[in-house]
Every structure is written in C-alpha cells, then in structure tokens.
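Engineer: Structure file input-v6.txt (compact mmCIF, C-alpha atoms and all ligand atoms) is given on the next line.
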# COMPACT_ATOMS: atom_id res chain seq x y z
CA MET A 1 89.96 202.21 62.27
CA THR A 2 92.17 199.74 60.38
CA ASP A 3 95.80 200.01 61.45
CA SER A 4 98.26 199.26 58.63
CA SER A 5 100.60 197.63 61.16
CA ALA A 6 97.84 195.25 62.36
CA TRP A 7 98.63 191.56 62.52
CA ARG A 8 97.84 190.29 59.01
CA PRO A 9 98.18 186.54 58.39
CA ILE A 10 97.99 185.16 54.85
CA VAL A 11 96.08 181.92 54.23
CA LEU A 12 96.62 179.86 51.08
CA THR A 13 93.66 177.60 50.39
CA LEU A 14 91.74 175.88 47.63
CA PHE A 15 88.52 176.99 49.37
CA PRO A 16 88.76 180.74 49.97
CA GLU A 17 84.99 180.88 50.50
CA MET A 18 85.46 179.09 53.86
CA PHE A 19 87.00 182.28 55.33
CA PRO A 20 86.59 184.17 57.58
CA GLY A 21 83.91 181.64 58.65
CA PRO A 22 83.95 181.36 62.45
CA LEU A 23 86.73 183.96 62.60
CA GLY A 24 84.16 186.54 61.49
CA VAL A 25 82.04 186.27 64.67
CA SER A 26 82.39 186.89 68.40
CA LEU A 27 85.78 187.92 69.81
CA ALA A 28 87.85 187.33 66.64
CA GLY A 29 85.15 188.80 64.41
CA ARG A 30 84.80 191.95 66.50
CA ALA A 31 88.58 192.39 66.49
CA LEU A 32 88.60 191.86 62.72
CA GLY A 33 85.89 194.51 62.34
CA ASN A 34 87.81 196.90 64.60
CA GLY A 35 91.02 196.52 62.60
CA LEU A 36 92.98 194.83 65.42
CA TRP A 37 93.94 192.20 62.85
CA SER A 38 93.17 191.51 59.21
CA LEU A 39 93.16 188.45 57.02
CA GLU A 40 94.51 187.91 53.51
CA ILE A 41 93.01 184.88 51.80
CA ARG A 42 94.59 183.63 48.59
CA ASP A 43 93.31 180.95 46.27
CA ILE A 44 96.05 178.41 45.48
CA ARG A 45 94.24 177.66 42.23
CA ALA A 46 95.08 181.17 40.99
CA SER A 47 98.66 179.84 40.53
CA ALA A 48 97.55 176.97 38.27
CA THR A 49 99.03 177.11 34.80
CA ASP A 50 96.93 174.79 32.63
CA ARG A 51 93.55 175.50 31.16
CA HIS A 52 91.84 173.13 33.60
CA ARG A 53 93.42 175.07 36.50
CA SER A 54 94.62 171.81 38.00
CA VAL A 55 96.67 171.93 41.20
CA ASP A 56 97.13 168.24 42.03
CA ASP A 57 98.41 165.05 40.47
CA THR A 58 98.69 161.35 41.22
CA PRO A 59 101.25 160.24 43.85
CA ALA A 60 104.66 159.15 42.59
CA GLY A 61 105.00 155.46 43.42
CA GLY A 62 101.24 154.87 43.18
CA GLY A 63 98.60 154.68 45.85
CA PRO A 64 95.29 156.35 46.54
CA GLY A 65 94.38 160.00 46.26
CA MET A 66 96.08 163.02 44.82
CA VAL A 67 98.95 165.25 45.90
CA LEU A 68 99.15 169.06 45.76
CA ARG A 69 101.83 169.95 43.20
CA ALA A 70 105.09 171.53 44.37
CA ASP A 71 105.40 173.99 41.49
CA ILE A 72 101.86 175.37 41.89
CA LEU A 73 102.13 175.75 45.65
CA ALA A 74 105.63 177.26 45.49
CA SER A 75 104.38 179.86 43.04
CA ALA A 76 101.40 180.66 45.33
CA ILE A 77 103.74 181.03 48.34
CA ASP A 78 106.22 183.19 46.43
CA SER A 79 103.62 185.59 45.14
CA ALA A 80 101.95 185.81 48.57
CA CYS A 81 105.25 186.76 50.22
CA ALA A 82 106.60 188.91 47.39
CA LEU A 83 105.81 192.21 49.07
CA ASP A 84 106.86 191.22 52.60
CA ALA A 85 109.44 193.61 54.03
CA ALA A 86 110.52 191.01 56.62
CA PRO A 87 110.26 187.23 56.71
CA ARG A 88 107.19 185.71 58.30
CA PRO A 89 106.69 182.15 59.66
CA ARG A 90 105.48 179.80 56.93
CA LEU A 91 103.23 177.10 58.30
CA LEU A 92 101.70 174.06 56.65
CA MET A 93 98.75 172.55 58.49
CA SER A 94 99.45 168.83 58.61
CA PRO A 95 98.41 165.89 60.82
CA ARG A 96 102.01 164.72 60.89
CA GLY A 97 103.25 168.17 61.95
CA TRP A 98 104.60 169.36 65.28
CA PRO A 99 101.72 169.47 67.76
CA LEU A 100 100.46 173.04 68.16
CA THR A 101 101.05 174.28 71.70
CA GLN A 102 99.97 177.39 73.56
CA ALA A 103 103.66 178.38 73.69
CA ARG A 104 103.87 178.38 69.87
CA VAL A 105 100.58 180.27 69.70
CA VAL A 106 102.02 182.97 71.99
CA GLU A 107 105.12 183.26 69.77
CA LEU A 108 103.03 183.54 66.62
CA ALA A 109 100.69 186.13 68.14
CA HIS A 110 103.62 188.26 69.30
CA GLY A 111 105.62 188.01 66.08
CA PRO A 112 105.07 188.68 62.38
CA ALA A 113 101.77 187.16 61.28
CA PRO A 114 102.30 183.79 59.58
CA LEU A 115 101.60 182.54 56.11
CA ILE A 116 99.46 179.41 56.50
CA VAL A 117 99.12 176.75 53.81
CA CYS A 118 95.98 174.62 54.01
CA GLY A 119 96.61 171.17 52.59
CA ARG A 120 94.01 169.04 50.81
CA PHE A 121 93.92 165.60 49.17
CA GLU A 122 96.59 163.19 50.47
CA GLY A 123 98.86 166.13 51.24
CA VAL A 124 101.56 168.26 49.66
CA ASP A 125 104.62 167.34 47.54
CA GLN A 126 107.53 167.05 49.99
CA ARG A 127 109.81 169.17 47.81
CA VAL A 128 107.84 172.36 48.36
CA ILE A 129 107.81 171.69 52.12
CA ASP A 130 111.61 171.42 52.03
CA LYS A 131 112.39 174.17 49.53
CA ARG A 132 110.11 176.77 51.14
CA ALA A 133 111.02 175.64 54.67
CA LEU A 134 107.42 175.10 55.71
CA GLU A 135 106.86 174.37 59.40
CA GLU A 136 104.37 171.52 59.62
CA VAL A 137 101.83 172.08 62.39
CA SER A 138 99.21 169.65 63.66
CA ILE A 139 96.18 170.57 65.74
CA GLY A 140 95.69 167.05 67.06
CA ASP A 141 95.96 163.33 66.51
CA TYR A 142 93.08 162.97 64.06
CA VAL A 143 92.73 163.57 60.32
CA LEU A 144 90.62 166.42 58.94
CA SER A 145 89.68 166.57 55.28
CA GLY A 146 91.58 169.82 54.78
CA GLY A 147 93.79 172.34 56.52
CA GLU A 148 91.24 175.17 56.63
CA ILE A 149 89.59 174.25 59.94
CA ALA A 150 93.03 173.63 61.43
CA ALA A 151 94.18 177.06 60.21
CA MET A 152 91.09 178.66 61.73
CA ALA A 153 91.79 176.98 65.07
CA LEU A 154 95.36 178.26 65.01
CA LEU A 155 94.31 181.77 64.01
CA ASP A 156 91.57 181.92 66.64
CA ALA A 157 94.07 180.92 69.33
CA CYS A 158 96.48 183.65 68.18
CA VAL A 159 93.97 186.45 67.63
CA ARG A 160 92.59 186.34 71.18
CA LEU A 161 96.11 187.09 72.43
CA LEU A 162 96.61 190.19 70.28
CA PRO A 163 96.71 193.47 72.23
CA GLY A 164 93.23 194.88 72.81
CA VAL A 165 91.32 191.77 71.73
CA MET A 166 90.52 190.27 75.13
CA GLY A 167 88.86 192.47 77.72
CA LYS A 168 91.22 191.53 80.53
CA GLU A 169 94.63 190.68 79.13
CA VAL A 170 95.55 189.18 82.48
CA SER A 171 93.09 186.35 81.85
CA ALA A 172 95.48 184.65 79.38
CA SER A 173 98.01 184.13 82.15
CA GLU A 174 95.44 182.14 84.15
CA GLU A 175 94.25 179.86 81.36
CA SER A 176 95.03 176.24 80.67
CA PHE A 177 98.68 175.55 79.74
CA ALA A 178 100.13 178.59 81.49
CA GLY A 179 102.90 177.10 83.61
CA ASN A 180 102.06 173.63 82.20
CA LEU A 181 98.84 173.46 84.22
CA LEU A 182 95.26 172.92 83.09
CA GLU A 183 92.82 175.47 84.39
CA TYR A 184 90.84 175.01 87.63
CA PRO A 185 87.02 174.48 87.50
CA HIS A 186 84.69 177.49 87.31
CA TYR A 187 81.38 178.12 89.08
CA THR A 188 78.75 180.88 88.96
CA ARG A 189 75.10 181.45 89.94
CA PRO A 190 72.83 179.85 90.96
CA GLN A 191 74.44 178.94 94.26
CA ARG A 192 72.61 175.58 94.19
CA PHE A 193 72.20 173.59 91.00
CA GLU A 194 70.36 170.24 91.07
CA GLY A 195 71.21 169.84 94.74
CA GLU A 196 74.88 170.79 94.41
CA GLY A 197 76.34 173.97 95.87
CA VAL A 198 79.27 176.12 94.81
CA PRO A 199 82.40 175.08 96.79
CA ALA A 200 82.26 177.04 100.05
CA ILE A 201 85.79 178.45 99.72
CA LEU A 202 84.82 180.28 96.52
CA ILE A 203 82.19 182.31 98.35
CA SER A 204 84.21 182.78 101.54
CA GLY A 205 85.69 186.10 100.42
CA ASP A 206 89.16 184.87 101.45
CA HIS A 207 91.25 185.56 98.33
CA ALA A 208 94.31 183.65 99.52
CA LYS A 209 92.23 180.54 100.20
CA VAL A 210 90.48 180.87 96.83
CA ALA A 211 93.87 181.09 95.08
CA ALA A 212 95.19 178.05 96.99
CA TRP A 213 92.04 176.04 96.18
CA ARG A 214 92.31 176.91 92.48
CA GLN A 215 95.99 176.00 92.41
CA ALA A 216 95.30 172.64 94.08
CA LYS A 217 92.44 171.86 91.66
CA ALA A 218 94.54 172.83 88.65
CA GLU A 219 97.32 170.53 89.83
CA GLU A 220 94.90 167.67 90.52
CA LEU A 221 93.32 167.94 87.05
CA THR A 222 96.70 168.17 85.33
CA ARG A 223 98.02 165.10 87.19
CA GLN A 224 94.91 163.10 86.25
CA ARG A 225 94.42 164.19 82.65
CA ARG A 226 97.79 165.28 81.34
CA PRO A 227 100.67 163.38 82.88
CA ASP A 228 102.88 164.77 80.07
CA LEU A 229 102.25 168.37 81.19
CA TRP A 230 102.60 167.40 84.83
CA ALA A 231 105.98 165.77 84.17
CA ALA A 232 107.18 168.80 82.18
CA ARG A 233 106.08 171.13 84.95
CA ASN A 234 107.87 169.16 87.62
CA GLN A 235 111.03 168.71 85.58
CA LYS A 236 111.51 172.32 84.65
CA ALA A 237 109.48 174.66 86.83
CA PRO A 238 110.69 175.96 90.17
CA LYS A 239 108.79 174.41 93.09
CA ASP A 240 106.89 177.54 94.09
CA ASN A 241 106.14 178.92 90.65
CA ALA A 242 102.99 180.87 90.07
CA LYS A 243 101.21 180.54 86.75
CA GLY A 244 101.75 183.17 84.05
CA TRP A 245 103.66 183.79 80.87
CA GLN A 246 106.89 184.67 82.66
CA THR A 247 106.77 181.24 84.17
CA LEU A 248 105.81 179.73 80.83
CA SER A 249 108.82 181.19 79.06
CA PHE A 250 110.99 179.66 81.77
CA VAL A 251 109.28 176.30 81.53
CA LEU A 252 109.52 175.91 77.77
N1 LIG B 1 97.31 161.77 53.98
C1 LIG B 1 97.49 162.65 55.09
C2 LIG B 1 98.04 161.89 56.28
O1 LIG B 1 97.72 160.70 56.42
O2 LIG B 1 98.80 162.47 57.09
C3 LIG B 1 96.19 163.32 55.49
C4 LIG B 1 95.78 164.41 54.56
S1 LIG B 1 94.31 165.26 55.08
C5 LIG B 1 93.04 164.29 54.36
C6 LIG B 1 94.30 166.69 54.07
C7 LIG B 1 94.85 167.95 54.72
O3 LIG B 1 94.11 168.26 55.89
C8 LIG B 1 96.27 167.90 55.19
O4 LIG B 1 97.19 168.10 54.13
C9 LIG B 1 96.31 169.01 56.21
O5 LIG B 1 96.52 170.26 55.60
C10 LIG B 1 94.92 168.96 56.80
N2 LIG B 1 94.85 168.29 58.10
C11 LIG B 1 94.23 167.12 58.36
N3 LIG B 1 94.33 166.80 59.65
C12 LIG B 1 95.02 167.77 60.25
C13 LIG B 1 95.47 167.99 61.58
N4 LIG B 1 95.21 167.11 62.54
N5 LIG B 1 96.18 169.11 61.84
C14 LIG B 1 96.46 169.99 60.86
N6 LIG B 1 96.07 169.83 59.58
C15 LIG B 1 95.37 168.74 59.27
Output the file's structure in the form of structure tokens.

Structural biologist:
Amino acid sequence: MTDSSAWRPIVLTLFPEMFPGPLGVSLAGRALGNGLWSLEIRDIRASATDRHRSVDDTPAGGGPGMVLRADILASAIDSACALDAAPRPRLLMSPRGWPLTQARVVELAHGPAPLIVCGRFEGVDQRVIDKRALEEVSIGDYVLSGGEIAAMALLDACVRLLPGVMGKEVSASEESFAGNLLEYPHYTRPQRFEGEGVPAILISGDHAKVAAWRQAKAEELTRQRRPDLWAARNQKAPKDNAKGWQTLSFVL
C-alpha cells in the first residue's frame, strides 16, 4: 500500500535506534503502516571519517561540552539530499530556534517533507547552520538533551494533518491555534461526575447555542492563558471571523 509520493521526511541523528519510537504507534503509527507517510532515518556517524568515528570536538574559545562538527554534518546533509528532485526544508532542532507554531506545522505538512537534523552535545558548529541554510526550530523554552524528541514532536504534529490520517479532517480546523484561539473545553458521559454536570447548553440540542458557547469559552481561555495569541487575533483577524485554516492563513 506504500505510495512512492508519500510524505517522506529524513531525520539525521546520532541515535537512529530512537526512531520511529512513539511515531510507530497510534495515529502516526497506523498511517506509517498504511503508507500514508514514511520515514528515512540516517545515522550522522556514518559520515565520520576517522577510525574512532568521531563526530564532535571541543568548542573553539573553550568552555564545557562538545560541538557537532560542521564537516561531518554537512557531509551527512549532502548525502541525504543527494537524490532529491526538488529542494526540501532543512530544519535543525534547537532551543534557540524559531518557536514551532501550528502555522509552520501546516506549511510543512502540505509541502515537501523536511530534512530534520537532531542536535546533541552543546549544539552544532554555526558554519554548517549558515552554509546549509538550516532553519532552527524550537519546540519550547526548555532544554532537552537532544533533538530527537523535538523532531518526533514536530513530525507527529505534521503527520496528523496529512490527507487520510485523521478520521475527520474537519477536526483540525477546530483545534487549538486555529484562528489564534485555544480550543474550548470538552465533556462526555457520564452526565454527572463527582457532583458536577455537563454544561446544560451542550445537551440542549441547540447547535447555534452550542457553537456560541464554545466560541465564548475559547475566547475566555485564550484571553486568560495566552495574551500573545489574543493580541495577535485582535490585531489581525476580522471581528466576526470563524475559526478554520482559511482564517488562519489570513491571520498569519
Ligand atoms: N547548548 C544548547 C543551548 O544552550 O541552547 C543546548 C543544547 S541541547 C543539550 C542538545 C540538542 O538538543 C540541541 O542541539 C537541540 O538539537 C536539542 N534541543 C534541546 N532543547 C530543544 C528545544 N527546546 N527545541 C528543539 N530542540 C532542542
């Protein structure tokens, strides 16, 4: 069932055994098994040139830790992309990178699958970042020990948006960040839980009222928790905008 045109990211890592890891189960794993996407994992160490297969060295100027060498990583990137018919985004997972947003995830999922470099040690020699035009991407304001988990988070976010992966494709347009809003709260059975009922509007059968309640809750949560998103929404979005990717592409 594998489709040769399926979305096929390439991951460069010093720990290939970490993949597919969580990407091999549930939604992403089923899609992987069904050939809706595929994954190419390459070991950066395969580009090492000395007999110890070393890939890192001490930082110029001194200081703690080690730095991934520019020549080794450049060679790994070049051989990974050698057969590409068209350019693909080249990402470097990095805590100092541009914060990953749902908007960037949508672009990546709808475009050529990226090459993703997983950093380790203190990071990567700046010259390979510059010479190979790597886009530095952060998944949050905290430091992981390596880029693999960050790459998995990015890939998981992309894969669920690929055609055929999610049951109801419409659901992506209602999720957090569509239209710069966080998502409204969800409820299900039982109708009473530890003395608390489901909000009456949600079981009223009045779809317009349900939609208005959800919109109001989404706005309230966004105002409270993410003043940055709220400000962006109010600066750029039309007053009466509904959520959805059309709106998102306007907002961003
Ligand atoms: N010395 C670096 C700094 O202070 O910015 C931290 C390096 S970290 C120990 C090793 C690698 O983990 C990084 O090169 C990067 O690939 C990855 N990493 C750590 N935190 C990350 C984050 N928040 N987002 C994306 N990648 C991250």

Engineer: Point out the residue among A:Leu115, A:Arg226, A:Gly197, A:Pro185 with the least atom-to-atom distance to A:Ala82, counting all atoms listed in the file.

Structural biologist: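 Once distances to A:Ala82 are computed over all atoms listed in the file, the minimum belongs to A:Leu115.
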
Engineer: Quick one: distance from atom CA of A:Val55 to atom CA of A:Val11 in Å, one decimal?

Structural biologist: 16.4 Å

Engineer: Taking only C-alpha atoms and all ligand atoms into account, list the residues no farther than 7 Å from ligand LIG 1 (chain B), as a list in words.

Structural biologist: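 Every residue with an atom at most 7 Å from ligand LIG 1 (chain B) is listed here: Leu92, Met93, Ser94, Pro95, Arg96, Cys118, Gly119, Arg120, Phe121, Glu122, Gly123, Val124, Val137, Ser138, Ile139, Gly140, Asp141, Tyr142, Val143, Leu144, Ser145, Gly146, Gly147 and Ala150 of chain A.
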
Engineer: At what distance in Å, to one decimal, does atom CA of A:Val106 lie from atom CA of A:Arg127?

Structural biologist: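 About the pair atom CA of A:Arg127 and atom CA of A:Val106: they are 28.9 Å apart.
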
Engineer: Find, counting only C-alpha atoms, the residue in A:Ser47, A:Gln126, A:Asn34, A:Ser5 that gets nearest to A:Val67.

Structural biologist: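 Looking only at the distances to A:Val67, the closest residue turns out to be A:Gln126.
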
Engineer: Hey, what's within 7 Å of stretch 23-32 of chain A if we count all atoms listed in the file and toss same-chain stuff fewer than 4 positions away? As a PDB file with C-alpha atoms, keeping the file's coordinate frame, please?

Structural biologist:
ATOM      1  CA  LEU A  36      92.980 194.830  65.420  1.00  0.00           C
ATOM      2  CA  TRP A  37      93.940 192.200  62.850  1.00  0.00           C
ATOM      3  CA  SER A  38      93.170 191.510  59.210  1.00  0.00           C
ATOM      4  CA  MET A 152      91.090 178.660  61.730  1.00  0.00           C
ATOM      5  CA  ASP A 156      91.570 181.920  66.640  1.00  0.00           C
ATOM      6  CA  VAL A 159      93.970 186.450  67.630  1.00  0.00           C
ATOM      7  CA  ARG A 160      92.590 186.340  71.180  1.00  0.00           C
ATOM      8  CA  VAL A 165      91.320 191.770  71.730  1.00  0.00           C
TER       9      VAL A 165
END

Engineer: Report, as lines of an AutoDock Vina configuration file, the axis-aligned box around all atoms of stretch 191-207 of chain A present in the file, extended by 4 Å on each side; give centre and edge lengths in Å to one decimal place.

Structural biologist:
center_x = 80.8
center_y = 178.0
center_z = 96.3
size_x = 28.9
size_y = 24.3
size_z = 18.5

Engineer: Some atoms are missing, so please complete stretch 221-232 of chain A with all heavy atoms and return it as a PDB file, in the frame of the given file.

Structural biologist:
ATOM      1  N   LEU A 221      93.803 168.223  88.406  1.00  0.00           N
ATOM      2  CA  LEU A 221      93.320 167.940  87.050  1.00  0.00           C
ATOM      3  C   LEU A 221      94.483 167.616  86.110  1.00  0.00           C
ATOM      4  O   LEU A 221      94.393 166.719  85.273  1.00  0.00           O
ATOM      5  CB  LEU A 221      92.580 169.161  86.488  1.00  0.00           C
ATOM      6  CG  LEU A 221      91.136 169.328  86.910  1.00  0.00           C
ATOM      7  CD1 LEU A 221      90.604 170.660  86.389  1.00  0.00           C
ATOM      8  CD2 LEU A 221      90.296 168.183  86.333  1.00  0.00           C
ATOM      9  N   THR A 222      95.558 168.382  86.233  1.00  0.00           N
ATOM     10  CA  THR A 222      96.700 168.170  85.330  1.00  0.00           C
ATOM     11  C   THR A 222      97.317 166.786  85.576  1.00  0.00           C
ATOM     12  O   THR A 222      97.634 166.069  84.619  1.00  0.00           O
ATOM     13  CB  THR A 222      97.754 169.273  85.527  1.00  0.00           C
ATOM     14  OG1 THR A 222      97.103 170.539  85.444  1.00  0.00           O
ATOM     15  CG2 THR A 222      98.841 169.200  84.468  1.00  0.00           C
ATOM     16  N   ARG A 223      97.456 166.423  86.858  1.00  0.00           N
ATOM     17  CA  ARG A 223      98.020 165.100  87.190  1.00  0.00           C
ATOM     18  C   ARG A 223      97.164 164.000  86.594  1.00  0.00           C
ATOM     19  O   ARG A 223      97.661 163.057  85.997  1.00  0.00           O
ATOM     20  CB  ARG A 223      98.075 164.918  88.701  1.00  0.00           C
ATOM     21  CG  ARG A 223      99.439 165.184  89.307  1.00  0.00           C
ATOM     22  CD  ARG A 223      99.590 164.613  90.711  1.00  0.00           C
ATOM     23  NE  ARG A 223      98.420 164.742  91.551  1.00  0.00           N
ATOM     24  CZ  ARG A 223      98.172 165.775  92.353  1.00  0.00           C
ATOM     25  NH1 ARG A 223      99.017 166.778  92.411  1.00  0.00           N
ATOM     26  NH2 ARG A 223      97.097 165.791  93.101  1.00  0.00           N
ATOM     27  N   GLN A 224      95.822 164.156  86.728  1.00  0.00           N
ATOM     28  CA  GLN A 224      94.910 163.100  86.250  1.00  0.00           C
ATOM     29  C   GLN A 224      94.872 163.019  84.729  1.00  0.00           C
ATOM     30  O   GLN A 224      94.933 161.942  84.158  1.00  0.00           O
ATOM     31  CB  GLN A 224      93.469 163.426  86.689  1.00  0.00           C
ATOM     32  CG  GLN A 224      93.159 163.076  88.104  1.00  0.00           C
ATOM     33  CD  GLN A 224      91.776 163.649  88.492  1.00  0.00           C
ATOM     34  OE1 GLN A 224      91.102 164.316  87.700  1.00  0.00           O
ATOM     35  NE2 GLN A 224      91.393 163.398  89.728  1.00  0.00           N
ATOM     36  N   ARG A 225      94.733 164.198  84.087  1.00  0.00           N
ATOM     37  CA  ARG A 225      94.420 164.190  82.650  1.00  0.00           C
ATOM     38  C   ARG A 225      95.623 164.322  81.747  1.00  0.00           C
ATOM     39  O   ARG A 225      95.584 163.883  80.602  1.00  0.00           O
ATOM     40  CB  ARG A 225      93.447 165.336  82.317  1.00  0.00           C
ATOM     41  CG  ARG A 225      92.138 165.153  82.987  1.00  0.00           C
ATOM     42  CD  ARG A 225      91.175 166.250  82.638  1.00  0.00           C
ATOM     43  NE  ARG A 225      89.950 166.066  83.389  1.00  0.00           N
ATOM     44  CZ  ARG A 225      88.919 166.895  83.361  1.00  0.00           C
ATOM     45  NH1 ARG A 225      88.989 167.976  82.603  1.00  0.00           N
ATOM     46  NH2 ARG A 225      87.847 166.648  84.058  1.00  0.00           N
ATOM     47  N   ARG A 226      96.660 164.998  82.217  1.00  0.00           N
ATOM     48  CA  ARG A 226      97.790 165.280  81.340  1.00  0.00           C
ATOM     49  C   ARG A 226      99.115 165.013  82.046  1.00  0.00           C
ATOM     50  O   ARG A 226      99.869 165.939  82.384  1.00  0.00           O
ATOM     51  CB  ARG A 226      97.723 166.725  80.852  1.00  0.00           C
ATOM     52  CG  ARG A 226      96.551 167.014  79.920  1.00  0.00           C
ATOM     53  CD  ARG A 226      96.650 166.248  78.606  1.00  0.00           C
ATOM     54  NE  ARG A 226      97.876 166.619  77.911  1.00  0.00           N
ATOM     55  CZ  ARG A 226      97.984 167.656  77.075  1.00  0.00           C
ATOM     56  NH1 ARG A 226      96.911 168.385  76.807  1.00  0.00           N
ATOM     57  NH2 ARG A 226      99.125 167.939  76.507  1.00  0.00           N
ATOM     58  N   PRO A 227      99.407 163.708  82.224  1.00  0.00           N
ATOM     59  CA  PRO A 227     100.670 163.380  82.880  1.00  0.00           C
ATOM     60  C   PRO A 227     101.893 163.960  82.150  1.00  0.00           C
ATOM     61  O   PRO A 227     102.914 164.237  82.776  1.00  0.00           O
ATOM     62  CB  PRO A 227     100.706 161.844  82.879  1.00  0.00           C
ATOM     63  CG  PRO A 227      99.486 161.384  82.165  1.00  0.00           C
ATOM     64  CD  PRO A 227      98.570 162.535  81.941  1.00  0.00           C
ATOM     65  N   ASP A 228     101.755 164.189  80.832  1.00  0.00           N
ATOM     66  CA  ASP A 228     102.880 164.770  80.070  1.00  0.00           C
ATOM     67  C   ASP A 228     103.150 166.204  80.543  1.00  0.00           C
ATOM     68  O   ASP A 228     104.294 166.602  80.771  1.00  0.00           O
ATOM     69  CB  ASP A 228     102.578 164.743  78.565  1.00  0.00           C
ATOM     70  CG  ASP A 228     101.256 165.429  78.203  1.00  0.00           C
ATOM     71  OD1 ASP A 228     100.298 165.383  79.006  1.00  0.00           O
ATOM     72  OD2 ASP A 228     101.181 166.038  77.126  1.00  0.00           O
ATOM     73  N   LEU A 229     102.072 166.990  80.715  1.00  0.00           N
ATOM     74  CA  LEU A 229     102.250 168.370  81.190  1.00  0.00           C
ATOM     75  C   LEU A 229     102.762 168.374  82.630  1.00  0.00           C
ATOM     76  O   LEU A 229     103.622 169.178  83.002  1.00  0.00           O
ATOM     77  CB  LEU A 229     100.914 169.130  81.170  1.00  0.00           C
ATOM     78  CG  LEU A 229     100.321 169.539  79.837  1.00  0.00           C
ATOM     79  CD1 LEU A 229      99.024 170.309  80.064  1.00  0.00           C
ATOM     80  CD2 LEU A 229     101.296 170.401  79.055  1.00  0.00           C
ATOM     81  N   TRP A 230     102.221 167.460  83.419  1.00  0.00           N
ATOM     82  CA  TRP A 230     102.600 167.400  84.830  1.00  0.00           C
ATOM     83  C   TRP A 230     104.099 167.085  84.953  1.00  0.00           C
ATOM     84  O   TRP A 230     104.811 167.696  85.745  1.00  0.00           O
ATOM     85  CB  TRP A 230     101.744 166.348  85.545  1.00  0.00           C
ATOM     86  CG  TRP A 230     101.986 166.294  87.009  1.00  0.00           C
ATOM     87  CD1 TRP A 230     102.549 165.275  87.713  1.00  0.00           C
ATOM     88  CD2 TRP A 230     101.690 167.319  87.959  1.00  0.00           C
ATOM     89  NE1 TRP A 230     102.624 165.595  89.032  1.00  0.00           N
ATOM     90  CE2 TRP A 230     102.101 166.849  89.218  1.00  0.00           C
ATOM     91  CE3 TRP A 230     101.127 168.592  87.873  1.00  0.00           C
ATOM     92  CZ2 TRP A 230     101.969 167.605  90.374  1.00  0.00           C
ATOM     93  CZ3 TRP A 230     100.993 169.347  89.027  1.00  0.00           C
ATOM     94  CH2 TRP A 230     101.412 168.858  90.259  1.00  0.00           C
ATOM     95  N   ALA A 231     104.553 166.143  84.127  1.00  0.00           N
ATOM     96  CA  ALA A 231     105.980 165.770  84.170  1.00  0.00           C
ATOM     97  C   ALA A 231     106.829 166.960  83.733  1.00  0.00           C
ATOM     98  O   ALA A 231     107.852 167.271  84.358  1.00  0.00           O
ATOM     99  CB  ALA A 231     106.235 164.568  83.274  1.00  0.00           C
ATOM    100  N   ALA A 232     106.401 167.651  82.673  1.00  0.00           N
ATOM    101  CA  ALA A 232     107.180 168.800  82.180  1.00  0.00           C
ATOM    102  C   ALA A 232     107.234 169.887  83.245  1.00  0.00           C
ATOM    103  O   ALA A 232     108.272 170.513  83.485  1.00  0.00           O
ATOM    104  CB  ALA A 232     106.555 169.351  80.907  1.00  0.00           C
TER     105      ALA A 232
END
